[in-house]
$ cat data27.cif   # mmCIF, C-alpha atoms and all ligand atoms
data_target
loop_
_atom_site.group_PDB
_atom_site.id
_atom_site.type_symbol
_atom_site.label_atom_id
_atom_site.label_comp_id
_atom_site.auth_asym_id
_atom_site.auth_seq_id
_atom_site.Cartn_x
_atom_site.Cartn_y
_atom_site.Cartn_z
ATOM 1 C CA MET A 1 -5.669 -4.283 9.005
ATOM 2 C CA LYS A 2 -3.182 -6.625 7.248
ATOM 3 C CA ASN A 3 -1.986 -6.030 3.655
ATOM 4 C CA LYS A 4 -3.207 -2.430 3.502
ATOM 5 C CA ALA A 5 0.277 -1.016 2.866
ATOM 6 C CA LYS A 6 1.855 -2.043 -0.437
ATOM 7 C CA ASN A 7 5.351 -2.622 0.965
ATOM 8 C CA PRO A 8 5.290 -3.388 4.669
ATOM 9 C CA LYS A 9 8.822 -3.049 5.982
ATOM 10 C CA VAL A 10 10.648 -2.576 9.272
ATOM 11 C CA ILE A 11 14.044 -0.844 9.292
ATOM 12 C CA LEU A 12 16.054 -1.445 12.439
ATOM 13 C CA VAL A 13 18.178 1.668 12.896
ATOM 14 C CA GLY A 14 20.922 2.432 15.415
ATOM 15 C CA SER A 15 20.697 6.087 16.414
ATOM 16 C CA GLY A 16 24.247 6.309 17.816
ATOM 17 C CA PRO A 17 25.394 7.112 21.354
ATOM 18 C CA GLY A 18 23.558 10.379 22.039
ATOM 19 C CA ASP A 19 24.920 13.286 19.990
ATOM 20 C CA ALA A 20 22.404 13.650 17.143
ATOM 21 C CA GLU A 21 25.236 14.058 14.627
ATOM 22 C CA LEU A 22 26.620 10.630 15.463
ATOM 23 C CA ILE A 23 23.979 8.746 13.467
ATOM 24 C CA THR A 24 24.969 7.296 10.083
ATOM 25 C CA VAL A 25 23.857 8.987 6.847
ATOM 26 C CA LYS A 26 21.931 5.824 6.040
ATOM 27 C CA GLY A 27 20.178 5.909 9.426
ATOM 28 C CA LEU A 28 19.194 9.533 8.915
ATOM 29 C CA ASN A 29 17.811 8.776 5.446
ATOM 30 C CA ALA A 30 15.737 5.966 6.952
ATOM 31 C CA ILE A 31 14.227 8.416 9.469
ATOM 32 C CA LYS A 32 13.380 10.767 6.597
ATOM 33 C CA SER A 33 11.638 7.970 4.715
ATOM 34 C CA ALA A 34 9.681 6.521 7.658
ATOM 35 C CA ASP A 35 5.885 6.427 7.861
ATOM 36 C CA VAL A 36 6.029 5.459 11.539
ATOM 37 C CA ILE A 37 8.931 5.590 14.031
ATOM 38 C CA LEU A 38 9.057 3.577 17.240
ATOM 39 C CA TYR A 39 11.857 4.958 19.399
ATOM 40 C CA ASP A 40 13.609 4.112 22.668
ATOM 41 C CA ALA A 41 14.553 6.107 25.758
ATOM 42 C CA LEU A 42 18.192 6.755 24.842
ATOM 43 C CA VAL A 43 17.435 8.036 21.349
ATOM 44 C CA ASN A 44 18.159 11.756 20.935
ATOM 45 C CA LYS A 45 14.727 13.331 20.249
ATOM 46 C CA GLU A 46 16.369 15.915 17.944
ATOM 47 C CA LEU A 47 16.654 13.130 15.377
ATOM 48 C CA LEU A 48 12.862 12.873 15.140
ATOM 49 C CA LYS A 49 12.734 16.405 13.702
ATOM 50 C CA ASN A 50 14.112 14.925 10.482
ATOM 51 C CA ALA A 51 10.989 12.822 9.961
ATOM 52 C CA LYS A 52 8.201 13.845 7.574
ATOM 53 C CA LYS A 53 5.412 15.942 9.165
ATOM 54 C CA SER A 54 2.981 13.081 8.613
ATOM 55 C CA THR A 55 5.215 10.512 10.385
ATOM 56 C CA GLU A 56 3.887 9.241 13.671
ATOM 57 C CA CYS A 57 6.675 8.989 16.281
ATOM 58 C CA ILE A 58 5.785 6.602 19.102
ATOM 59 C CA TYR A 59 7.832 6.393 22.304
ATOM 60 C CA VAL A 60 8.207 2.772 23.427
ATOM 61 C CA GLY A 61 11.222 3.138 25.733
ATOM 62 C CA LYS A 62 12.096 1.772 29.106
ATOM 63 C CA ARG A 63 14.332 3.192 31.837
ATOM 64 C CA PHE A 64 15.101 1.560 35.179
ATOM 65 C CA ASN A 65 12.848 -1.392 34.343
ATOM 66 C CA GLN A 66 9.863 0.910 33.834
ATOM 67 C CA HIS A 67 8.407 -0.194 30.546
ATOM 68 C CA LYS A 68 6.028 1.968 28.598
ATOM 69 C CA TYR A 69 4.937 -1.164 26.696
ATOM 70 C CA PRO A 70 5.785 -4.833 27.324
ATOM 71 C CA GLN A 71 8.153 -6.341 24.734
ATOM 72 C CA GLU A 72 5.406 -8.480 23.124
ATOM 73 C CA VAL A 73 3.283 -5.357 22.549
ATOM 74 C CA ILE A 74 6.216 -3.553 20.889
ATOM 75 C CA ASN A 75 6.789 -6.571 18.620
ATOM 76 C CA GLN A 76 3.142 -6.516 17.549
ATOM 77 C CA MET A 77 3.135 -2.716 17.094
ATOM 78 C CA LEU A 78 6.009 -3.065 14.615
ATOM 79 C CA VAL A 79 4.095 -5.603 12.557
ATOM 80 C CA ASP A 80 0.712 -3.841 12.702
ATOM 81 C CA ASN A 81 2.150 -0.455 11.758
ATOM 82 C CA ALA A 82 4.156 -1.946 8.878
ATOM 83 C CA PHE A 83 1.028 -3.567 7.398
ATOM 84 C CA LYS A 84 -1.056 -0.468 7.944
ATOM 85 C CA TYR A 85 1.320 2.339 6.948
ATOM 86 C CA GLY A 86 4.349 0.852 5.130
ATOM 87 C CA THR A 87 7.835 1.763 6.361
ATOM 88 C CA VAL A 88 8.364 1.513 10.103
ATOM 89 C CA VAL A 89 11.679 2.652 11.550
ATOM 90 C CA ARG A 90 12.604 0.963 14.819
ATOM 91 C CA LEU A 91 15.048 3.462 16.289
ATOM 92 C CA LYS A 92 17.304 2.261 19.092
ATOM 93 C CA GLY A 93 20.151 3.851 21.039
ATOM 94 C CA GLY A 94 23.720 3.040 19.993
ATOM 95 C CA ASP A 95 23.743 -0.120 17.904
ATOM 96 C CA PRO A 96 20.536 -2.197 18.090
ATOM 97 C CA PHE A 97 22.485 -5.455 18.429
ATOM 98 C CA VAL A 98 24.575 -4.393 21.440
ATOM 99 C CA PHE A 99 22.420 -5.106 24.494
ATOM 100 C CA GLY A 100 19.508 -3.695 22.526
ATOM 101 C CA ARG A 101 17.107 -6.642 22.143
ATOM 102 C CA GLY A 102 17.132 -5.862 18.430
ATOM 103 C CA SER A 103 17.321 -9.520 17.424
ATOM 104 C CA GLU A 104 14.260 -10.519 19.464
ATOM 105 C CA GLU A 105 12.109 -7.884 17.784
ATOM 106 C CA ILE A 106 13.372 -8.658 14.314
ATOM 107 C CA GLU A 107 12.816 -12.390 14.728
ATOM 108 C CA TYR A 108 9.174 -11.739 15.528
ATOM 109 C CA VAL A 109 8.724 -9.290 12.648
ATOM 110 C CA GLU A 110 10.302 -11.684 10.123
ATOM 111 C CA ASN A 111 8.147 -14.549 11.346
ATOM 112 C CA GLN A 112 5.102 -12.416 10.540
ATOM 113 C CA GLY A 113 6.293 -12.099 6.935
ATOM 114 C CA VAL A 114 7.459 -8.482 7.086
ATOM 115 C CA GLU A 115 10.633 -7.452 5.226
ATOM 116 C CA VAL A 116 13.456 -6.221 7.467
ATOM 117 C CA GLU A 117 16.461 -3.983 6.814
ATOM 118 C CA PHE A 118 19.350 -3.412 9.237
ATOM 119 C CA ILE A 119 21.183 -0.127 9.643
ATOM 120 C CA PRO A 120 23.898 -0.295 12.294
ATOM 121 C CA GLY A 121 24.610 2.497 14.743
ATOM 122 C CA ILE A 122 27.723 3.585 16.617
ATOM 123 C CA SER A 123 27.541 1.836 19.945
ATOM 124 C CA SER A 124 28.093 3.834 23.125
ATOM 125 C CA ALA A 125 30.601 1.107 24.016
ATOM 126 C CA LEU A 126 32.897 2.483 21.301
ATOM 127 C CA ALA A 127 31.836 6.098 20.908
ATOM 128 C CA VAL A 128 31.688 7.222 24.531
ATOM 129 C CA PRO A 129 35.319 6.388 25.438
ATOM 130 C CA SER A 130 36.533 7.398 21.991
ATOM 131 C CA SER A 131 34.905 10.850 22.147
ATOM 132 C CA GLN A 132 36.815 11.449 25.392
ATOM 133 C CA GLY A 133 40.134 10.498 23.822
ATOM 134 C CA ILE A 134 40.309 7.125 25.588
ATOM 135 C CA PRO A 135 41.518 4.471 23.126
ATOM 136 C CA LEU A 136 40.029 1.015 23.703
ATOM 137 C CA THR A 137 43.261 -0.569 22.512
ATOM 138 C CA LYS A 138 46.816 0.743 22.478
ATOM 139 C CA ARG A 139 49.843 -1.151 21.296
ATOM 140 C CA GLY A 140 51.863 -2.249 24.301
ATOM 141 C CA LEU A 141 48.999 -1.776 26.771
ATOM 142 C CA ASN A 142 46.346 -4.315 25.812
ATOM 143 C CA GLU A 143 45.318 -6.714 23.086
ATOM 144 C CA SER A 144 41.536 -6.644 23.291
ATOM 145 C CA PHE A 145 38.515 -5.008 24.839
ATOM 146 C CA TRP A 146 35.483 -6.707 26.310
ATOM 147 C CA VAL A 147 32.027 -5.167 26.278
ATOM 148 C CA ILE A 148 30.123 -6.647 29.197
ATOM 149 C CA THR A 149 26.777 -6.070 30.844
ATOM 150 C CA GLY A 150 26.949 -4.959 34.474
ATOM 151 C CA THR A 151 23.395 -6.092 35.171
ATOM 152 C CA ARG A 152 22.041 -9.563 34.550
ATOM 153 C CA SER A 153 18.344 -10.296 34.752
ATOM 154 C CA ASP A 154 18.917 -12.423 37.893
ATOM 155 C CA GLY A 155 20.636 -9.505 39.672
ATOM 156 C CA GLN A 156 24.050 -11.228 39.792
ATOM 157 C CA ILE A 157 27.081 -9.754 38.060
ATOM 158 C CA SER A 158 28.281 -11.520 34.941
ATOM 159 C CA LYS A 159 31.074 -14.084 35.299
ATOM 160 C CA ASP A 160 32.601 -12.406 32.259
ATOM 161 C CA ILE A 161 33.507 -9.424 34.437
ATOM 162 C CA ILE A 162 35.616 -11.725 36.603
ATOM 163 C CA ASN A 163 37.063 -13.518 33.565
ATOM 164 C CA GLY A 164 37.815 -10.193 31.880
ATOM 165 C CA ALA A 165 39.453 -8.824 35.025
ATOM 166 C CA GLN A 166 41.929 -11.705 34.829
ATOM 167 C CA SER A 167 42.990 -10.731 31.305
ATOM 168 C CA SER A 168 44.813 -7.640 30.016
ATOM 169 C CA ALA A 169 41.673 -6.517 28.185
ATOM 170 C CA THR A 170 40.076 -3.122 28.563
ATOM 171 C CA LEU A 171 36.730 -3.716 30.255
ATOM 172 C CA VAL A 172 33.820 -1.675 28.946
ATOM 173 C CA ILE A 173 30.854 -2.231 31.217
ATOM 174 C CA LEU A 174 27.393 -1.109 30.183
ATOM 175 C CA MET A 175 24.439 -0.918 32.586
ATOM 176 C CA GLY A 176 26.855 -1.324 35.487
ATOM 177 C CA LEU A 177 26.421 1.774 37.633
ATOM 178 C CA ARG A 178 23.901 0.273 40.027
ATOM 179 C CA ASN A 179 26.310 -2.615 40.674
ATOM 180 C CA PHE A 180 29.379 -0.368 40.678
ATOM 181 C CA SER A 181 30.655 -1.341 44.152
ATOM 182 C CA ILE A 182 30.237 -5.083 43.574
ATOM 183 C CA ILE A 183 31.912 -4.866 40.154
ATOM 184 C CA MET A 184 34.888 -2.891 41.448
ATOM 185 C CA SER A 185 35.350 -5.076 44.515
ATOM 186 C CA GLU A 186 35.672 -8.064 42.150
ATOM 187 C CA VAL A 187 37.922 -6.418 39.556
ATOM 188 C CA ILE A 188 40.403 -5.146 42.154
ATOM 189 C CA LYS A 189 41.060 -8.755 43.188
ATOM 190 C CA TYR A 190 42.761 -9.364 39.821
ATOM 191 C CA ARG A 191 44.045 -5.997 38.567
ATOM 192 C CA HIS A 192 46.766 -3.761 39.981
ATOM 193 C CA LYS A 193 45.301 -1.285 42.467
ATOM 194 C CA TYR A 194 46.667 1.670 40.452
ATOM 195 C CA THR A 195 44.814 0.569 37.311
ATOM 196 C CA PRO A 196 42.825 3.587 36.130
ATOM 197 C CA PHE A 197 39.110 3.495 35.423
ATOM 198 C CA ALA A 198 36.596 6.017 34.096
ATOM 199 C CA ILE A 199 32.890 6.490 34.549
ATOM 200 C CA ILE A 200 31.339 8.446 31.692
ATOM 201 C CA GLN A 201 27.709 9.498 31.969
ATOM 202 C CA ASN A 202 25.586 11.082 29.202
ATOM 203 C CA GLY A 203 28.510 10.491 26.856
ATOM 204 C CA THR A 204 28.689 12.657 23.692
ATOM 205 C CA LEU A 205 25.931 14.926 25.051
ATOM 206 C CA PRO A 206 26.254 18.511 26.364
ATOM 207 C CA ASP A 207 25.791 17.344 29.991
ATOM 208 C CA GLU A 208 28.441 14.639 29.706
ATOM 209 C CA LYS A 209 30.296 13.913 32.939
ATOM 210 C CA ILE A 210 33.543 11.994 33.327
ATOM 211 C CA THR A 211 35.180 10.755 36.518
ATOM 212 C CA ILE A 212 38.628 9.175 36.428
ATOM 213 C CA GLU A 213 40.239 7.370 39.338
ATOM 214 C CA THR A 214 42.356 4.348 40.151
ATOM 215 C CA LEU A 215 40.878 1.091 41.434
ATOM 216 C CA SER A 216 42.320 1.712 44.899
ATOM 217 C CA ASN A 217 40.107 4.820 45.178
ATOM 218 C CA TYR A 218 36.874 3.402 43.764
ATOM 219 C CA LYS A 219 34.966 3.943 47.008
ATOM 220 C CA ASN A 220 35.622 7.703 46.773
ATOM 221 C CA VAL A 221 33.504 8.056 43.644
ATOM 222 C CA ILE A 222 30.415 6.102 44.706
ATOM 223 C CA ASP A 223 28.623 9.224 45.920
ATOM 224 C CA THR A 224 29.311 11.103 42.678
ATOM 225 C CA ILE A 225 27.341 8.638 40.524
ATOM 226 C CA ASP A 226 24.062 9.931 39.110
ATOM 227 C CA TYR A 227 21.894 6.835 38.790
ATOM 228 C CA SER A 228 19.323 8.634 36.630
ATOM 229 C CA SER A 229 21.757 9.064 33.696
ATOM 230 C CA PRO A 230 23.129 6.344 31.432
ATOM 231 C CA GLY A 231 26.780 5.636 32.060
ATOM 232 C CA ILE A 232 29.578 3.272 31.178
ATOM 233 C CA ILE A 233 32.562 2.108 33.182
ATOM 234 C CA ILE A 234 35.900 1.660 31.410
ATOM 235 C CA ILE A 235 38.661 -0.163 33.266
ATOM 236 C CA GLY A 236 42.224 -0.585 32.046
ATOM 237 C CA ASP A 237 45.548 1.107 31.463
ATOM 238 C CA VAL A 238 44.208 2.812 28.342
ATOM 239 C CA VAL A 239 42.181 5.119 30.615
ATOM 240 C CA GLY A 240 45.532 6.610 31.622
ATOM 241 C CA GLU A 241 45.672 8.109 28.113
ATOM 242 C CA HIS A 242 42.973 10.606 29.109
ATOM 243 C CA PRO A 243 44.550 14.077 29.537
ATOM 244 C CA SER A 244 43.096 14.612 33.040
ATOM 245 C CA PHE A 245 44.658 11.373 34.279
ATOM 246 C CA LEU A 246 48.090 12.477 33.074
ATOM 247 C CA GLU A 247 47.684 15.832 34.845
ATOM 248 C CA GLU A 248 46.777 14.082 38.099
ATOM 249 C CA GLU A 249 49.759 11.768 37.705
ATOM 250 C CA ILE A 250 52.098 14.759 37.246
ATOM 251 C CA GLN A 251 50.622 16.376 40.387
ATOM 252 C CA ARG A 252 51.141 13.151 42.344
ATOM 253 C CA VAL A 253 54.783 12.891 41.217
ATOM 254 C CA LEU A 254 55.426 16.591 41.979
ATOM 255 C CA GLU A 255 53.979 16.172 45.466
ATOM 256 C CA VAL A 256 56.400 13.306 46.118
ATOM 257 C CA ILE A 257 59.410 15.236 44.754
ATOM 258 C CA ILE A 258 58.729 18.606 46.458
HETATM 259 C C1 LIG B 1 20.317 -1.152 27.082
HETATM 260 S S1 LIG B 1 21.975 -0.672 26.833
HETATM 261 C C2 LIG B 1 21.893 -0.264 25.141
HETATM 262 C C3 LIG B 1 23.235 -0.019 24.516
HETATM 263 C C4 LIG B 1 23.148 0.454 23.074
HETATM 264 N N1 LIG B 1 22.524 -0.521 22.241
HETATM 265 C C5 LIG B 1 24.508 0.830 22.509
HETATM 266 O O1 LIG B 1 24.998 0.176 21.588
HETATM 267 O O2 LIG B 1 25.069 1.840 22.983
HETATM 268 C C6 LIG B 1 21.968 0.909 27.619
HETATM 269 C C7 LIG B 1 23.312 1.223 28.274
HETATM 270 O O3 LIG B 1 24.228 1.742 27.321
HETATM 271 C C8 LIG B 1 25.084 2.680 27.946
HETATM 272 N N2 LIG B 1 24.904 3.987 27.298
HETATM 273 C C9 LIG B 1 24.096 4.248 26.263
HETATM 274 N N3 LIG B 1 24.212 5.532 25.885
HETATM 275 C C10 LIG B 1 25.138 6.095 26.701
HETATM 276 C C11 LIG B 1 25.717 7.392 26.815
HETATM 277 N N4 LIG B 1 25.375 8.378 25.995
HETATM 278 N N5 LIG B 1 26.642 7.607 27.778
HETATM 279 C C12 LIG B 1 27.031 6.618 28.598
HETATM 280 N N6 LIG B 1 26.521 5.365 28.540
HETATM 281 C C13 LIG B 1 25.593 5.111 27.602
HETATM 282 C C14 LIG B 1 24.693 2.722 29.420
HETATM 283 O O4 LIG B 1 25.477 1.773 30.106
HETATM 284 C C15 LIG B 1 23.250 2.283 29.353
HETATM 285 O O5 LIG B 1 22.798 1.775 30.579
#
$ encode --input "data27.cif" --output "structure tokens"
Amino acid sequence: MKNKAKNPKVILVGSGPGDAELITVKGLNAIKSADVILYDALVNKELLKNAKKSTECIYVGKRFNQHKYPQEVINQMLVDNAFKYGTVVRLKGGDPFVFGRGSEEIEYVENQGVEVEFIPGISSALAVPSSQGIPLTKRGLNESFWVITGTRSDGQISKDIINGAQSSATLVILMGLRNFSIIMSEVIKYRHKYTPFAIIQNGTLPDEKITIETLSNYKNVIDTIDYSSPGIIIIGDVVGEHPSFLEEEIQRVLEVII
């Protein structure tokens, strides 16, 4: 099979956070040029319509630890398809290097002598809050934001959540919904109980859902979480910039005054 294609190449492409228009021009051009596309679960399938008719699009995603293919098989599929057909696009949700295992795949591909190109994507960590009008930083409110995983492979929550909670940083937690209660019960130990937080599910997509509350009320939202949809948790005063939070604040103040 090896050496059949003249220019075996793998292009690692970030597809953006969900909305098909939030891919880069360069990423879209890569899809158009691909001979084979291997794509993940959170990639918007609309994007695949831009591929040539002859392009084979292979789903290799995983959701809730259900893998269509083990990682080693995906690595080998990238190499085999590049040698057989030429340009393989490896299409991943958001940015491939943000909790995307992009580097593991690319390391394997490069070790097999296949050329690699990188095309970044807009990570959900940035795009999902931003598309809702929640700034990750605001002068006077915070000086940094931390993007943290809410799920470690050993089932424990990351120490970085506890470290981040002790700073003034906005916390952006990916893959955290299943550990929501544990995460919040830790964060509330270090942050003011009226600190706002948001849960945004299916961000940038038509069925997007946003819930905004304060840490003191985190238990009230547990039952509203849809564990089948991807979601991020944003914690910090910047969440108060969301219009619905301001409205609720005004209502609260009016109730006290009247
Ligand atoms: C395996 S990580 C991959 C992240 C991806 N590489 C990125 O940069 O966005 C998957 C997690 O990203 C978050 N996520 C991805 N797309 C999302 C979306 N449209 N809305 C909300 N969260 C999303 C969720 O926390 C989900 O569990």
$ residues_near_ligand --input "data27.cif" --ligand "ligand LIG 1 (chain B)" --cutoff "7 Å" --atoms "all atoms listed in the file" --output "PyMOL selection string"
chain A and resi 16-18+42+92-100+122-125+128+173-176+200-205+230-232
$ atom_distance --input "data27.cif" --atom1 "atom CA of A:Ala169" --atom2 "atom CA of A:Ser181"
20.1 Å
$ closest_atom_pairs --input "data27.cif" --of "stretch 78-197 of chain A" --to "stretch 238-242 of chain A" --cutoff "10 Å" --atoms "all atoms listed in the file" --output "JSON lines"
{"residue": "A:Pro129", "atom": "CA", "partner": "A:Val239", "partner_atom": "CA", "distance": 8.7}
{"residue": "A:Gln132", "atom": "CA", "partner": "A:His242", "partner_atom": "CA", "distance": 7.2}
{"residue": "A:Gly133", "atom": "CA", "partner": "A:His242", "partner_atom": "CA", "distance": 6.0}
{"residue": "A:Ile134", "atom": "CA", "partner": "A:His242", "partner_atom": "CA", "distance": 5.6}
{"residue": "A:Pro135", "atom": "CA", "partner": "A:Val238", "partner_atom": "CA", "distance": 6.1}
{"residue": "A:Leu136", "atom": "CA", "partner": "A:Val238", "partner_atom": "CA", "distance": 6.5}
{"residue": "A:Thr137", "atom": "CA", "partner": "A:Val238", "partner_atom": "CA", "distance": 6.8}
{"residue": "A:Lys138", "atom": "CA", "partner": "A:Val238", "partner_atom": "CA", "distance": 6.7}
{"residue": "A:Arg139", "atom": "CA", "partner": "A:Val238", "partner_atom": "CA", "distance": 9.9}
{"residue": "A:Leu141", "atom": "CA", "partner": "A:Val238", "partner_atom": "CA", "distance": 6.8}
{"residue": "A:Asn142", "atom": "CA", "partner": "A:Val238", "partner_atom": "CA", "distance": 7.9}
{"residue": "A:Ala169", "atom": "CA", "partner": "A:Val238", "partner_atom": "CA", "distance": 9.7}
{"residue": "A:Thr170", "atom": "CA", "partner": "A:Val238", "partner_atom": "CA", "distance": 7.2}
{"residue": "A:Thr195", "atom": "CA", "partner": "A:Gly240", "partner_atom": "CA", "distance": 8.3}
{"residue": "A:Pro196", "atom": "CA", "partner": "A:Val239", "partner_atom": "CA", "distance": 5.8}
{"residue": "A:Phe197", "atom": "CA", "partner": "A:Val239", "partner_atom": "CA", "distance": 5.9}
$ residues_near_point --input "data27.cif" --point "(10.1, -2.0, 7.1)" --cutoff "9 Å" --atoms "all atoms listed in the file" --output "JSON, numbers by chain"
{"A": [7, 8, 9, 10, 11, 12, 34, 78, 79, 82, 86, 87, 88, 89, 90, 114, 115, 116, 117]}
$ residues_near_point --input "data27.cif" --point "(0.3, 6.2, 11.6)" --cutoff "7 Å" --atoms "all atoms listed in the file" --output "PyMOL selection string"
chain A and resi 35-36+55-56+81+85
$ closest_residue --input "data27.cif" --among "A:Arg152, A:Lys62, A:Lys159, A:Lys68" --to "A:Glu186" --atoms "all atoms listed in the file"
A:Lys159
$ resolve_selection --input "data27.cif" --expression "the PyMOL selection byres (((chain A and resi 30) around 9) and not hetatm)" --output "PyMOL selection string"
chain A and resi 11+13+25-29+31-34+51+87+89+119
$ atom_distance --input "data27.cif" --atom1 "atom CA of A:Asn163" --atom2 "atom CA of A:Ile222"
23.5 Å
$ closest_residue --input "data27.cif" --among "A:Ser168, A:Ile234, A:Phe83, A:Arg191" --to "A:Gly140" --atoms "only C-alpha atoms"
A:Ser168
$ closest_residue --input "data27.cif" --among "A:Phe245, A:Glu72, A:Gly14, A:Asp19" --to "A:Gly102" --atoms "all atoms listed in the file"
A:Gly14
$ closest_residue --input "data27.cif" --among "A:Leu47, A:Ala41, A:Leu246, A:Leu126" --to "A:Thr24" --atoms "only C-alpha atoms"
A:Leu47
$ atom_distance --input "data27.cif" --atom1 "atom CA of A:Val187" --atom2 "atom CA of A:Ala165"
5.4 Å
$ axis_aligned_box --input "data27.cif" --around "stretch 132-144 of chain A" --padding-each-side "6 Å" --output "JSON"
{"center_x": 44.3, "center_y": 2.4, "center_z": 24.0, "size_x": 27.0, "size_y": 30.2, "size_z": 17.5}
$ residues_around --input "data27.cif" --residues "A:Leu171" --least-positions-apart "5" --cutoff "8 Å" --atoms "only C-alpha atoms" --output "PyMOL selection string"
chain A and resi 145-148+161+164-165+233-236
$ build_atoms --input "data27.cif" --residues "stretch 69-83 of chain A" --atoms "N, CA, C and O atoms" --output "PDB file, in the coordinates of the input"
ATOM      1  N   TYR A  69       5.698  -0.029  27.246  1.00  0.00           N
ATOM      2  CA  TYR A  69       4.937  -1.164  26.696  1.00  0.00           C
ATOM      3  C   TYR A  69       5.726  -2.440  26.948  1.00  0.00           C
ATOM      4  O   TYR A  69       6.949  -2.435  26.827  1.00  0.00           O
ATOM      5  N   PRO A  70       5.053  -3.563  27.236  1.00  0.00           N
ATOM      6  CA  PRO A  70       5.785  -4.833  27.324  1.00  0.00           C
ATOM      7  C   PRO A  70       6.381  -5.193  25.959  1.00  0.00           C
ATOM      8  O   PRO A  70       5.865  -4.753  24.920  1.00  0.00           O
ATOM      9  N   GLN A  71       7.454  -5.998  25.973  1.00  0.00           N
ATOM     10  CA  GLN A  71       8.153  -6.341  24.734  1.00  0.00           C
ATOM     11  C   GLN A  71       7.216  -6.942  23.678  1.00  0.00           C
ATOM     12  O   GLN A  71       7.297  -6.608  22.496  1.00  0.00           O
ATOM     13  N   GLU A  72       6.305  -7.816  24.104  1.00  0.00           N
ATOM     14  CA  GLU A  72       5.406  -8.480  23.124  1.00  0.00           C
ATOM     15  C   GLU A  72       4.532  -7.445  22.415  1.00  0.00           C
ATOM     16  O   GLU A  72       4.206  -7.594  21.232  1.00  0.00           O
ATOM     17  N   VAL A  73       4.139  -6.397  23.162  1.00  0.00           N
ATOM     18  CA  VAL A  73       3.283  -5.357  22.549  1.00  0.00           C
ATOM     19  C   VAL A  73       4.098  -4.572  21.517  1.00  0.00           C
ATOM     20  O   VAL A  73       3.608  -4.267  20.421  1.00  0.00           O
ATOM     21  N   ILE A  74       5.361  -4.280  21.853  1.00  0.00           N
ATOM     22  CA  ILE A  74       6.216  -3.553  20.889  1.00  0.00           C
ATOM     23  C   ILE A  74       6.378  -4.390  19.612  1.00  0.00           C
ATOM     24  O   ILE A  74       6.250  -3.876  18.495  1.00  0.00           O
ATOM     25  N   ASN A  75       6.634  -5.683  19.782  1.00  0.00           N
ATOM     26  CA  ASN A  75       6.789  -6.571  18.620  1.00  0.00           C
ATOM     27  C   ASN A  75       5.562  -6.478  17.710  1.00  0.00           C
ATOM     28  O   ASN A  75       5.668  -6.349  16.492  1.00  0.00           O
ATOM     29  N   GLN A  76       4.390  -6.535  18.326  1.00  0.00           N
ATOM     30  CA  GLN A  76       3.142  -6.516  17.549  1.00  0.00           C
ATOM     31  C   GLN A  76       2.908  -5.142  16.920  1.00  0.00           C
ATOM     32  O   GLN A  76       2.407  -5.044  15.790  1.00  0.00           O
ATOM     33  N   MET A  77       3.302  -4.082  17.643  1.00  0.00           N
ATOM     34  CA  MET A  77       3.135  -2.716  17.094  1.00  0.00           C
ATOM     35  C   MET A  77       3.951  -2.548  15.818  1.00  0.00           C
ATOM     36  O   MET A  77       3.519  -1.894  14.861  1.00  0.00           O
ATOM     37  N   LEU A  78       5.156  -3.159  15.806  1.00  0.00           N
ATOM     38  CA  LEU A  78       6.009  -3.065  14.615  1.00  0.00           C
ATOM     39  C   LEU A  78       5.292  -3.688  13.415  1.00  0.00           C
ATOM     40  O   LEU A  78       5.215  -3.095  12.329  1.00  0.00           O
ATOM     41  N   VAL A  79       4.749  -4.863  13.645  1.00  0.00           N
ATOM     42  CA  VAL A  79       4.095  -5.603  12.557  1.00  0.00           C
ATOM     43  C   VAL A  79       2.825  -4.866  12.102  1.00  0.00           C
ATOM     44  O   VAL A  79       2.618  -4.614  10.905  1.00  0.00           O
ATOM     45  N   ASP A  80       1.985  -4.488  13.048  1.00  0.00           N
ATOM     46  CA  ASP A  80       0.712  -3.841  12.702  1.00  0.00           C
ATOM     47  C   ASP A  80       0.937  -2.538  11.933  1.00  0.00           C
ATOM     48  O   ASP A  80       0.278  -2.264  10.936  1.00  0.00           O
ATOM     49  N   ASN A  81       1.902  -1.738  12.426  1.00  0.00           N
ATOM     50  CA  ASN A  81       2.150  -0.455  11.758  1.00  0.00           C
ATOM     51  C   ASN A  81       2.745  -0.640  10.370  1.00  0.00           C
ATOM     52  O   ASN A  81       2.467   0.138   9.455  1.00  0.00           O
ATOM     53  N   ALA A  82       3.573  -1.688  10.204  1.00  0.00           N
ATOM     54  CA  ALA A  82       4.156  -1.946   8.878  1.00  0.00           C
ATOM     55  C   ALA A  82       3.038  -2.312   7.892  1.00  0.00           C
ATOM     56  O   ALA A  82       3.001  -1.812   6.760  1.00  0.00           O
ATOM     57  N   PHE A  83       2.117  -3.174   8.317  1.00  0.00           N
ATOM     58  CA  PHE A  83       1.028  -3.567   7.398  1.00  0.00           C
ATOM     59  C   PHE A  83       0.077  -2.402   7.122  1.00  0.00           C
ATOM     60  O   PHE A  83      -0.469  -2.276   6.037  1.00  0.00           O
TER      61      PHE A  83
END
